[in-house]
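Q: You'll find coords.tsv just under this line, and it carries TSV, C-alpha atoms.
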chain	number	residue	atom	x	y	z
A	13	MET	CA	-78.64	-54.46	53.20
A	14	SER	CA	-79.12	-50.84	52.25
A	15	THR	CA	-82.56	-49.50	51.57
A	16	LEU	CA	-83.95	-47.38	48.79
A	17	LEU	CA	-83.28	-43.94	50.13
A	18	GLN	CA	-82.01	-42.40	53.32
A	19	SER	CA	-84.36	-39.97	55.05
A	20	SER	CA	-83.63	-36.66	53.32
A	21	SER	CA	-84.20	-33.39	55.12
A	22	PHE	CA	-84.60	-31.32	51.98
A	23	ILE	CA	-87.42	-33.59	50.86
A	24	SER	CA	-89.34	-33.97	54.07
A	25	SER	CA	-88.80	-30.65	55.79
A	26	PRO	CA	-90.53	-28.31	53.30
A	27	ILE	CA	-93.85	-30.10	53.63
A	28	ASN	CA	-93.66	-31.07	57.28
A	29	PRO	CA	-96.52	-29.36	59.13
A	30	SER	CA	-94.78	-29.86	62.50
A	31	ARG	CA	-92.14	-27.18	61.84
A	32	PRO	CA	-92.30	-24.13	64.16
A	33	ARG	CA	-93.23	-21.74	61.33
A	34	ILE	CA	-96.16	-23.87	60.27
A	35	SER	CA	-97.19	-24.45	63.88
A	36	LEU	CA	-97.44	-20.68	64.36
A	37	ARG	CA	-99.63	-20.36	61.29
A	38	ASN	CA	-101.83	-23.20	62.39
A	39	SER	CA	-102.12	-21.96	65.97
A	40	SER	CA	-105.79	-21.22	65.60
A	41	VAL	CA	-106.80	-23.99	63.19
A	42	ARG	CA	-105.41	-27.48	63.19
A	43	CYS	CA	-106.33	-30.43	61.04
A	44	ASN	CA	-105.38	-33.77	62.58
A	45	ASN	CA	-108.19	-35.75	61.01
A	46	VAL	CA	-108.23	-37.25	57.56
A	47	VAL	CA	-109.98	-34.98	55.08
A	48	GLN	CA	-113.27	-36.51	54.11
A	49	SER	CA	-114.72	-36.53	50.63
A	50	VAL	CA	-116.35	-33.30	49.51
A	51	ASN	CA	-120.06	-33.96	49.87
A	52	PHE	CA	-121.18	-30.34	49.94
A	53	ASP	CA	-121.65	-27.62	47.37
A	54	ASN	CA	-118.49	-26.14	45.93
A	55	GLY	CA	-116.99	-23.36	48.01
A	56	LYS	CA	-118.28	-24.33	51.47
A	57	PRO	CA	-115.35	-23.61	53.80
A	58	TYR	CA	-113.65	-26.21	55.92
A	59	ARG	CA	-113.93	-25.39	59.61
A	60	SER	CA	-111.91	-26.97	62.37
A	61	THR	CA	-113.66	-28.22	65.49
A	62	GLN	CA	-110.55	-27.97	67.67
A	63	SER	CA	-109.72	-24.98	69.82
A	64	SER	CA	-106.38	-23.18	69.79
A	65	SER	CA	-103.68	-23.91	72.33
A	66	PRO	CA	-103.37	-21.25	75.07
A	67	ASN	CA	-99.58	-21.61	75.13
A	68	VAL	CA	-98.85	-20.96	71.47
A	69	THR	CA	-98.60	-17.17	71.71
A	70	THR	CA	-96.25	-16.96	74.70
A	71	SER	CA	-93.24	-16.06	72.53
A	72	ILE	CA	-95.02	-13.18	70.74
A	73	PRO	CA	-94.55	-9.66	72.17
A	74	SER	CA	-97.67	-8.51	74.01
A	75	PHE	CA	-97.99	-5.30	71.99
A	76	LEU	CA	-98.51	-7.42	68.87
A	77	LEU	CA	-101.34	-9.44	70.35
A	78	ALA	CA	-105.01	-8.69	69.86
A	79	PRO	CA	-107.36	-9.07	72.83
A	80	ASP	CA	-108.31	-12.56	71.68
A	81	THR	CA	-104.59	-13.60	71.61
A	82	ARG	CA	-104.54	-14.40	67.91
A	83	SER	CA	-101.14	-15.00	66.27
A	84	ILE	CA	-99.24	-12.61	64.01
A	85	HIS	CA	-100.42	-14.61	61.04
A	86	ASP	CA	-104.06	-14.19	62.05
A	87	LEU	CA	-103.59	-10.45	62.46
A	88	VAL	CA	-101.75	-9.74	59.22
A	89	ASN	CA	-101.42	-12.48	56.64
A	90	LYS	CA	-104.57	-14.52	57.09
A	91	ASN	CA	-106.84	-11.62	56.22
A	92	ARG	CA	-104.88	-11.00	53.02
A	93	LEU	CA	-104.81	-14.55	51.64
A	94	ARG	CA	-107.75	-16.29	50.00
A	95	ILE	CA	-107.96	-19.76	48.49
A	96	PHE	CA	-110.80	-20.64	46.16
A	97	SER	CA	-111.53	-23.96	44.49
A	98	GLY	CA	-112.99	-24.63	41.09
A	99	THR	CA	-115.05	-27.72	40.41
A	100	ALA	CA	-112.21	-29.72	38.82
A	101	ASN	CA	-110.60	-30.99	42.06
A	102	PRO	CA	-112.29	-29.61	45.20
A	103	ALA	CA	-110.94	-32.43	47.38
A	104	LEU	CA	-107.34	-31.39	46.71
A	105	ALA	CA	-108.18	-27.74	47.36
A	106	GLN	CA	-109.72	-28.67	50.70
A	107	GLU	CA	-106.62	-30.67	51.67
A	108	ILE	CA	-104.43	-27.68	50.78
A	109	SER	CA	-106.51	-25.31	52.89
A	110	CYS	CA	-106.53	-27.83	55.74
A	111	TYR	CA	-102.71	-28.01	55.69
A	112	MET	CA	-102.51	-24.22	55.72
A	113	GLY	CA	-105.06	-23.84	58.51
A	114	LEU	CA	-107.35	-21.71	56.37
A	115	ASP	CA	-110.95	-21.92	55.21
A	116	LEU	CA	-111.75	-22.28	51.53
A	117	GLY	CA	-113.19	-19.07	50.13
A	118	LYS	CA	-116.90	-18.99	49.39
A	119	ILE	CA	-117.61	-19.06	45.68
A	120	LYS	CA	-120.67	-19.82	43.56
A	121	ILE	CA	-120.07	-21.71	40.32
A	122	LYS	CA	-122.88	-22.98	38.14
A	123	ARG	CA	-123.71	-23.81	34.52
A	124	PHE	CA	-126.61	-22.36	32.64
A	125	ALA	CA	-128.87	-24.53	30.53
A	126	ASP	CA	-126.84	-23.74	27.42
A	127	GLY	CA	-123.57	-24.73	29.12
A	128	GLU	CA	-122.25	-21.24	29.89
A	129	ILE	CA	-120.33	-20.86	33.16
A	130	TYR	CA	-121.35	-18.44	35.91
A	131	VAL	CA	-118.97	-17.47	38.74
A	132	GLN	CA	-119.62	-15.18	41.70
A	133	LEU	CA	-117.34	-14.67	44.70
A	134	GLN	CA	-119.35	-14.84	47.92
A	135	GLU	CA	-116.87	-12.78	49.97
A	136	SER	CA	-114.67	-9.72	49.49
A	137	VAL	CA	-111.19	-10.18	48.00
A	138	ARG	CA	-110.32	-6.48	47.67
A	139	GLY	CA	-106.60	-6.06	48.33
A	140	CYS	CA	-106.09	-9.80	48.91
A	141	ASP	CA	-103.65	-12.32	47.46
A	142	VAL	CA	-105.99	-14.81	45.79
A	143	PHE	CA	-105.03	-18.39	44.87
A	144	LEU	CA	-107.36	-20.29	42.54
A	145	VAL	CA	-106.94	-24.08	42.63
A	146	GLN	CA	-108.11	-25.52	39.33
A	147	PRO	CA	-106.35	-28.23	37.29
A	148	THR	CA	-107.25	-28.22	33.60
A	149	CYS	CA	-107.81	-31.96	33.57
A	150	PRO	CA	-110.53	-33.74	31.57
A	151	PRO	CA	-112.89	-32.28	30.56
A	152	ALA	CA	-110.04	-29.91	29.72
A	153	ASN	CA	-112.01	-27.27	27.84
A	154	GLU	CA	-114.69	-26.98	30.55
A	155	ASN	CA	-112.16	-26.70	33.37
A	156	LEU	CA	-109.97	-24.25	31.47
A	157	MET	CA	-112.90	-21.95	30.71
A	158	GLU	CA	-114.02	-22.14	34.33
A	159	LEU	CA	-110.54	-21.09	35.46
A	160	LEU	CA	-110.58	-18.12	33.08
A	161	VAL	CA	-113.97	-16.95	34.36
A	162	MET	CA	-112.78	-17.33	37.98
A	163	ILE	CA	-109.70	-15.21	37.23
A	164	ASP	CA	-111.87	-12.55	35.60
A	165	ALA	CA	-114.22	-12.48	38.60
A	166	CYS	CA	-111.29	-11.97	40.98
A	167	ARG	CA	-109.80	-9.22	38.81
A	168	ARG	CA	-113.09	-7.35	38.69
A	169	ALA	CA	-113.41	-7.77	42.48
A	170	SER	CA	-110.14	-5.79	42.92
A	171	ALA	CA	-107.93	-8.63	44.17
A	172	LYS	CA	-104.38	-7.44	44.75
A	173	THR	CA	-102.78	-10.49	43.08
A	174	ILE	CA	-104.27	-13.54	41.39
A	175	THR	CA	-102.33	-16.80	41.26
A	176	ALA	CA	-103.66	-19.66	39.15
A	177	VAL	CA	-102.73	-22.88	40.98
A	178	ILE	CA	-102.78	-25.47	38.19
A	179	PRO	CA	-101.75	-28.89	39.56
A	180	TYR	CA	-102.20	-30.37	36.07
A	181	PHE	CA	-101.71	-28.11	33.06
A	182	GLY	CA	-103.79	-29.35	30.15
A	183	TYR	CA	-102.56	-28.85	26.58
A	184	ALA	CA	-98.97	-29.00	27.89
A	185	ARG	CA	-98.11	-31.70	25.34
A	186	ALA	CA	-98.93	-29.35	22.46
A	187	ASP	CA	-95.75	-27.37	23.17
A	188	ARG	CA	-94.10	-27.40	19.73
A	189	LYS	CA	-94.73	-28.03	16.06
A	190	THR	CA	-93.82	-31.54	14.95
A	191	GLN	CA	-95.47	-31.19	11.54
A	192	GLY	CA	-96.50	-28.36	9.29
A	193	ARG	CA	-99.68	-26.37	9.92
A	194	GLU	CA	-99.97	-27.46	13.57
A	195	SER	CA	-100.95	-25.20	16.43
A	196	ILE	CA	-98.94	-24.67	19.62
A	197	ALA	CA	-101.88	-24.91	22.01
A	198	ALA	CA	-99.74	-24.60	25.15
A	199	LYS	CA	-98.78	-21.06	24.15
A	200	LEU	CA	-102.39	-20.22	23.33
A	201	VAL	CA	-103.59	-21.40	26.75
A	202	ALA	CA	-100.79	-19.44	28.44
A	203	ASN	CA	-101.94	-16.31	26.61
A	204	LEU	CA	-105.56	-16.90	27.66
A	205	ILE	CA	-104.64	-17.25	31.35
A	206	THR	CA	-102.46	-14.12	31.19
A	207	GLU	CA	-105.04	-12.01	29.37
A	208	ALA	CA	-107.79	-13.13	31.77
A	209	GLY	CA	-105.90	-11.30	34.52
A	210	ALA	CA	-103.67	-13.80	36.34
A	211	ASN	CA	-100.53	-12.31	37.89
A	212	ARG	CA	-98.75	-15.61	38.50
A	213	VAL	CA	-99.06	-19.32	37.76
A	214	LEU	CA	-98.20	-22.17	40.11
A	215	ALA	CA	-97.86	-25.44	38.19
A	216	CYS	CA	-96.81	-28.95	39.12
A	217	ASP	CA	-94.68	-31.15	36.85
A	218	LEU	CA	-95.16	-29.47	33.48
A	219	HIS	CA	-94.72	-31.82	30.54
A	220	SER	CA	-91.73	-29.78	29.38
A	221	GLY	CA	-89.87	-26.94	31.03
A	222	GLN	CA	-90.15	-24.79	27.94
A	223	SER	CA	-93.85	-24.29	28.69
A	224	MET	CA	-92.84	-21.85	31.43
A	225	GLY	CA	-91.48	-19.57	28.72
A	226	TYR	CA	-94.88	-19.36	27.06
A	227	PHE	CA	-96.19	-17.24	29.94
A	228	ASP	CA	-95.53	-13.51	30.11
A	229	ILE	CA	-96.07	-13.66	33.89
A	230	PRO	CA	-94.00	-15.42	36.61
A	231	VAL	CA	-94.38	-19.21	36.77
A	232	ASP	CA	-93.52	-21.20	39.91
A	233	HIS	CA	-92.85	-24.78	38.86
A	234	VAL	CA	-92.80	-27.45	41.56
A	235	TYR	CA	-92.20	-31.18	41.17
A	236	GLY	CA	-94.08	-34.13	42.58
A	237	GLN	CA	-90.86	-36.15	42.87
A	238	PRO	CA	-90.29	-35.47	46.61
A	239	VAL	CA	-93.70	-36.94	47.44
A	240	ILE	CA	-93.03	-40.11	45.44
A	241	LEU	CA	-89.45	-40.40	46.72
A	242	ASP	CA	-90.61	-40.20	50.33
A	243	TYR	CA	-93.02	-43.05	49.66
A	244	LEU	CA	-90.42	-45.20	47.93
A	245	ALA	CA	-88.02	-44.57	50.83
A	246	SER	CA	-90.50	-46.34	53.11
A	247	LYS	CA	-90.33	-49.54	51.05
A	248	THR	CA	-87.70	-52.13	51.93
A	249	ILE	CA	-86.02	-52.53	48.56
A	250	CYS	CA	-82.27	-53.00	48.32
A	251	SER	CA	-80.70	-49.97	46.65
A	252	ASP	CA	-78.30	-52.26	44.75
A	253	ASP	CA	-81.28	-53.87	43.01
A	254	LEU	CA	-82.77	-50.62	41.75
A	255	VAL	CA	-82.75	-49.26	38.23
A	256	VAL	CA	-84.69	-46.18	37.11
A	257	VAL	CA	-86.21	-46.46	33.64
A	258	SER	CA	-87.29	-43.67	31.33
A	259	PRO	CA	-90.21	-44.84	29.15
A	260	ASP	CA	-88.96	-42.70	26.25
A	261	VAL	CA	-85.96	-40.65	25.18
A	262	GLY	CA	-87.76	-37.39	25.93
A	263	GLY	CA	-88.00	-38.25	29.63
A	264	VAL	CA	-84.32	-39.01	30.18
A	265	ALA	CA	-83.60	-35.77	32.06
A	266	ARG	CA	-86.54	-36.38	34.40
A	267	ALA	CA	-85.52	-39.99	35.03
A	268	ARG	CA	-81.87	-39.01	35.59
A	269	ALA	CA	-82.84	-36.46	38.24
A	270	PHE	CA	-85.10	-39.05	39.89
A	271	ALA	CA	-82.34	-41.69	39.86
A	272	LYS	CA	-79.83	-39.29	41.42
A	273	LYS	CA	-82.13	-38.76	44.41
A	274	LEU	CA	-82.94	-42.47	44.60
A	275	SER	CA	-79.58	-43.60	45.99
A	276	ASP	CA	-77.94	-42.60	42.67
A	277	ALA	CA	-79.51	-45.63	40.97
A	278	PRO	CA	-78.45	-46.67	37.45
A	279	LEU	CA	-80.51	-45.53	34.46
A	280	ALA	CA	-82.12	-47.42	31.59
A	281	ILE	CA	-84.02	-46.02	28.59
A	282	VAL	CA	-86.83	-47.49	26.51
A	283	ASP	CA	-86.50	-46.46	22.86
A	284	LYS	CA	-89.78	-46.14	21.01
A	285	ARG	CA	-91.20	-44.89	17.75
A	286	ARG	CA	-94.58	-43.18	17.52
A	287	HIS	CA	-96.87	-43.84	14.57
A	288	GLY	CA	-99.62	-41.49	15.74
A	289	HIS	CA	-101.05	-39.63	18.72
A	290	ASN	CA	-101.59	-41.89	21.78
A	291	VAL	CA	-99.97	-44.78	19.87
A	292	ALA	CA	-96.50	-46.01	20.79
A	293	GLU	CA	-94.33	-48.92	19.67
A	294	VAL	CA	-91.40	-50.10	21.79
A	295	MET	CA	-88.23	-50.78	19.81
A	296	ASN	CA	-85.44	-51.70	22.23
A	297	LEU	CA	-83.95	-51.16	25.67
A	298	ILE	CA	-80.81	-49.21	26.47
A	299	GLY	CA	-79.33	-50.41	29.76
A	300	ASP	CA	-79.35	-53.51	31.97
A	301	VAL	CA	-82.41	-54.50	34.03
A	302	LYS	CA	-81.84	-58.25	34.46
A	303	GLY	CA	-82.70	-59.29	38.02
A	304	LYS	CA	-83.41	-55.68	38.96
A	305	VAL	CA	-86.37	-53.81	40.41
A	306	ALA	CA	-87.27	-51.37	37.63
A	307	VAL	CA	-88.86	-48.04	38.56
A	308	MET	CA	-90.45	-46.40	35.51
A	309	VAL	CA	-90.80	-42.61	35.88
A	310	ASP	CA	-92.95	-40.29	33.77
A	311	ASP	CA	-94.79	-37.02	34.27
A	312	MET	CA	-98.17	-38.44	33.22
A	313	ILE	CA	-100.00	-41.59	32.18
A	314	ASP	CA	-102.71	-41.06	29.59
A	315	THR	CA	-103.75	-44.23	27.76
A	316	ALA	CA	-100.83	-46.15	29.36
A	317	GLY	CA	-99.70	-47.45	25.97
A	318	THR	CA	-96.12	-46.22	26.32
A	319	ILE	CA	-95.55	-47.35	29.89
A	320	SER	CA	-97.29	-50.73	29.56
A	321	LYS	CA	-95.34	-51.69	26.43
A	322	GLY	CA	-92.20	-50.55	28.18
A	323	ALA	CA	-93.04	-52.72	31.20
A	324	ALA	CA	-93.59	-55.73	28.96
A	325	LEU	CA	-90.16	-55.16	27.41
A	326	LEU	CA	-88.56	-54.88	30.87
A	327	HIS	CA	-90.03	-58.23	31.88
A	328	GLN	CA	-88.70	-59.76	28.65
A	329	GLU	CA	-85.27	-58.39	29.51
A	330	GLY	CA	-85.34	-60.08	32.92
A	331	ALA	CA	-86.59	-57.39	35.32
A	332	ARG	CA	-87.72	-58.90	38.63
A	333	GLU	CA	-90.39	-56.29	39.40
A	334	VAL	CA	-91.66	-53.18	37.66
A	335	TYR	CA	-93.01	-50.09	39.43
A	336	ALA	CA	-94.71	-47.21	37.60
A	337	CYS	CA	-94.40	-43.71	39.10
A	338	THR	CA	-96.16	-40.68	37.68
A	339	THR	CA	-97.47	-37.34	38.92
A	340	HIS	CA	-100.51	-36.94	36.67
A	341	ALA	CA	-102.95	-39.82	36.25
A	342	VAL	CA	-105.01	-38.81	33.20
A	343	PHE	CA	-106.09	-42.44	32.72
A	344	SER	CA	-107.92	-42.24	29.40
A	345	PRO	CA	-109.38	-45.60	28.26
A	346	PRO	CA	-108.01	-48.25	28.08
A	347	ALA	CA	-105.43	-47.18	30.70
A	348	ILE	CA	-107.04	-49.03	33.62
A	349	GLU	CA	-107.09	-52.35	31.76
A	350	ARG	CA	-103.45	-52.00	30.77
A	351	LEU	CA	-102.21	-50.96	34.22
A	352	SER	CA	-104.13	-53.67	36.07
A	353	SER	CA	-103.07	-56.47	33.71
A	354	GLY	CA	-100.33	-57.73	36.04
A	355	LEU	CA	-97.32	-56.03	34.41
A	356	PHE	CA	-96.76	-53.75	37.40
A	357	GLN	CA	-95.99	-54.58	40.99
A	358	GLU	CA	-97.38	-51.16	41.93
A	359	VAL	CA	-98.62	-48.04	40.15
A	360	ILE	CA	-97.84	-44.89	42.16
A	361	ILE	CA	-99.62	-41.65	41.29
A	362	THR	CA	-100.56	-38.36	42.96
A	363	ASN	CA	-103.89	-36.60	43.34
A	364	THR	CA	-103.27	-33.66	40.98
A	365	ILE	CA	-106.15	-35.10	38.94
A	366	PRO	CA	-109.22	-36.52	40.74
A	367	LEU	CA	-109.68	-40.24	40.19
A	368	ALA	CA	-113.11	-41.79	39.89
A	369	GLU	CA	-113.79	-44.60	42.34
A	370	LYS	CA	-114.43	-47.02	39.47
A	371	ASN	CA	-110.86	-46.51	38.25
A	372	TYR	CA	-109.18	-47.84	41.38
A	373	PHE	CA	-107.44	-51.22	41.13
A	374	PRO	CA	-105.39	-53.29	43.65
A	375	GLN	CA	-101.94	-52.21	42.43
A	376	LEU	CA	-102.78	-48.48	42.60
A	377	THR	CA	-101.34	-46.14	45.26
A	378	VAL	CA	-102.45	-42.49	45.38
A	379	LEU	CA	-100.23	-39.94	47.18
A	380	SER	CA	-101.27	-36.41	48.07
A	381	VAL	CA	-99.44	-33.27	46.90
A	382	ALA	CA	-101.56	-31.04	49.15
A	383	ASN	CA	-98.74	-30.35	51.63
A	384	LEU	CA	-96.31	-29.58	48.82
A	385	LEU	CA	-98.71	-27.13	47.15
A	386	GLY	CA	-99.79	-25.66	50.46
A	387	GLU	CA	-96.21	-24.93	51.48
A	388	THR	CA	-95.53	-23.45	48.07
A	389	ILE	CA	-98.52	-21.13	48.40
A	390	TRP	CA	-97.26	-19.95	51.78
A	391	ARG	CA	-93.83	-19.20	50.37
A	392	VAL	CA	-95.22	-17.36	47.36
A	393	HIS	CA	-97.46	-15.33	49.65
A	394	ASP	CA	-94.53	-14.55	51.99
A	395	ASP	CA	-92.09	-13.85	49.11
A	396	CYS	CA	-89.83	-16.72	50.19
A	397	SER	CA	-87.60	-18.96	48.07
A	398	LEU	CA	-88.93	-22.22	46.63
A	399	ILE	CA	-85.54	-23.80	45.88
A	400	THR	CA	-85.62	-26.18	48.87
A	401	LEU	CA	-88.87	-27.70	47.60
A	402	GLN	CA	-87.19	-29.11	44.49
Can you give me the file's structure in the form of structure tokens?

A:
Amino acid sequence: MSTLLQSSSFISSPINPSRPRISLRNSSVRCNNVVQSVNFDNGKPYRSTQSSSPNVTTSIPSFLLAPDTRSIHDLVNKNRLRIFSGTANPALAQEISCYMGLDLGKIKIKRFADGEIYVQLQESVRGCDVFLVQPTCPPANENLMELLVMIDACRRASAKTITAVIPYFGYARADRKTQGRESIAAKLVANLITEAGANRVLACDLHSGQSMGYFDIPVDHVYGQPVILDYLASKTICSDDLVVVSPDVGGVARARAFAKKLSDAPLAIVDKRRHGHNVAEVMNLIGDVKGKVAVMVDDMIDTAGTISKGAALLHQEGAREVYACTTHAVFSPPAIERLSSGLFQEVIITNTIPLAEKNYFPQLTVLSVANLLGETIWRVHDDCSLITLQ
């Protein structure tokens, strides 16, 4: 009996910290322990308690070595790269820095009594490549404004380049006009980030690819699919029983790409009609799911109305089990009640958005995109291609 997915080198290798290149970078700092919850003030750097291996630098020419036998990366690149975290998702930022073998930059972020945001860098970034990790997740306006102030602080501190690392890009759904006299907020937010002083944006699973065109600066777009695919590959599900389901017509391209990597599984589509924002009505199903294990794929789950009604329809059509896979877990009420109602065998998400402890439920699985984002940051910093990360 064949399994879900064969071990794929192009999925696992880009985020495998055991590769020689990553081992060289991590020669002085290694992180073998699970990252604990962030219980300290924002910006306190992570510091490893393990010493470096005395044998790591044997292949480096002696004239390149400093007296303390630090690696090439320590001598050149490490002093030019800084990672700072906003308050939106400090745990993810710490995981990223841990994967990269770096300390989080020291930064002071506070709110005044009237709600205004204050940002001060606690270390020099002059001439450095700065990466600011800040998803614009709920509260979207607060986190977006904080990101803008962080960018401005780095620009005024003479950073060489500023990259906004936005694991979740808020306002991405407002990417077009569906009715008269509507705004295109995604373009507005792109303009704000650009005008604040960002030189580049690193985003994960944008709601639509056209959002990249709203920026007048380079956008590196990575996908959370490899992380989810690696997890599904570890489950013992017969590939002949699989069917990938798009919860709406707009997500067909995403679901098709997912199905192709998932043992070239067949595709089904849930047709729906919207009667208002955050309100969805399932109409019918295109495709066969009878006796199958249905894997529903979407870029985000907000109120879970679309995906839960789709799951109910799949069960009516004879699906044996239903899995929900998404990169961004917005989880606005009543999402938790809908997802934990028994419709899903498992709900698989990533940590692009921090999840409150009260929102966990037995069927929920949270995967980390820290290695994926960390590897992407290295490649951007080193001017390397990102194509193998797709």

Q: Find the residue from A:Ala265, A:Ala184, A:Leu116, A:Leu379 that sits nearest to Pro238 in chain A; use all atoms listed in the file when measuring.

A: A:Leu379

Q: Listing only residues of range 343-383 of chain A within 9 Å of range 142-149 of chain A, what is the closest atom pair and its distance in Å (to one decimal) for each, using all atoms listed in the file, sorted by chain and residue number ascending, as CSV?

A:
residue,atom,partner,partner_atom,distance
A:Thr364,CA,A:Pro147,CA,7.3
A:Ile365,CA,A:Cys149,CA,6.4
A:Pro366,CA,A:Cys149,CA,8.6

Q: Could you turn the residues from that selection into a file that holds C-alpha atoms, as an mmCIF file, keeping the file's coordinate frame?

A:
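Final output, saved to selection03.cif:
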data_model
loop_
_atom_site.group_PDB
_atom_site.id
_atom_site.type_symbol
_atom_site.label_atom_id
_atom_site.label_comp_id
_atom_site.auth_asym_id
_atom_site.auth_seq_id
_atom_site.Cartn_x
_atom_site.Cartn_y
_atom_site.Cartn_z
ATOM 1 C CA THR A 364 -103.270 -33.660 40.980
ATOM 2 C CA ILE A 365 -106.150 -35.100 38.940
ATOM 3 C CA PRO A 366 -109.220 -36.520 40.740
#

Q: Could you work out how far CA of Asp252 in chain A lies from CA of Thr318 in chain A, giving the answer in Å with one decimal?

A: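 Separation of CA of Thr318 in chain A and CA of Asp252 in chain A: 26.3 Å.
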
Q: So that I can see what lies close to Cys337 in chain A, please list as number ranges by chain the residues with an atom at most 9 Å from it, counting all atoms listed in the file and leaving out residues fewer than 5 positions away in the same chain.

A: A: 240, 307-312, 358-361

Q: I'd like the interatomic distance between CA of Asp217 in chain A and CA of Gln237 in chain A, to a tenth of an Å.

A: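 So the two atoms, CA of Asp217 in chain A and CA of Gln237 in chain A, lie 8.7 Å apart.
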
Q: One number please: CA of Arg185 in chain A to CA of His233 in chain A, in Å, one decimal.

A: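 These two atoms are separated by 16.1 Å.
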
Q: For range 153-168 of chain A, please output as a short mmCIF file (atom, residue, chain, number, x, y, z; two decimals) with C-alpha atoms, keeping the file's coordinate frame all residues within 8 Å (counting all atoms listed in the file; exclusion window: fewer than 3 positions along the same chain).

A:
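out-v4.cif, freshly written:
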data_model
loop_
_atom_site.label_atom_id
_atom_site.label_comp_id
_atom_site.auth_asym_id
_atom_site.auth_seq_id
_atom_site.Cartn_x
_atom_site.Cartn_y
_atom_site.Cartn_z
CA GLY A 98 -112.99 -24.63 41.09
CA THR A 99 -115.05 -27.72 40.41
CA ALA A 100 -112.21 -29.72 38.82
CA ILE A 129 -120.33 -20.86 33.16
CA TYR A 130 -121.35 -18.44 35.91
CA VAL A 131 -118.97 -17.47 38.74
CA GLN A 132 -119.62 -15.18 41.70
CA LEU A 133 -117.34 -14.67 44.70
CA VAL A 137 -111.19 -10.18 48.00
CA VAL A 142 -105.99 -14.81 45.79
CA LEU A 144 -107.36 -20.29 42.54
CA GLN A 146 -108.11 -25.52 39.33
CA PRO A 147 -106.35 -28.23 37.29
CA THR A 148 -107.25 -28.22 33.60
CA CYS A 149 -107.81 -31.96 33.57
CA PRO A 150 -110.53 -33.74 31.57
CA ALA A 171 -107.93 -8.63 44.17
CA ILE A 174 -104.27 -13.54 41.39
CA ALA A 176 -103.66 -19.66 39.15
CA LEU A 204 -105.56 -16.90 27.66
CA ILE A 205 -104.64 -17.25 31.35
CA ALA A 208 -107.79 -13.13 31.77
CA GLY A 209 -105.90 -11.30 34.52
CA ALA A 210 -103.67 -13.80 36.34
#

Q: List every protein, DNA or RNA residue that has an atom no more than 12 Å from (-102.6, -29.0, 27.8) in the file's coordinate frame, counting all atoms listed in the file, and report them as a ChimeraX atom specification.

A: /A:147-153,155-156,178-188,196-202,215,218-220,223,312,342
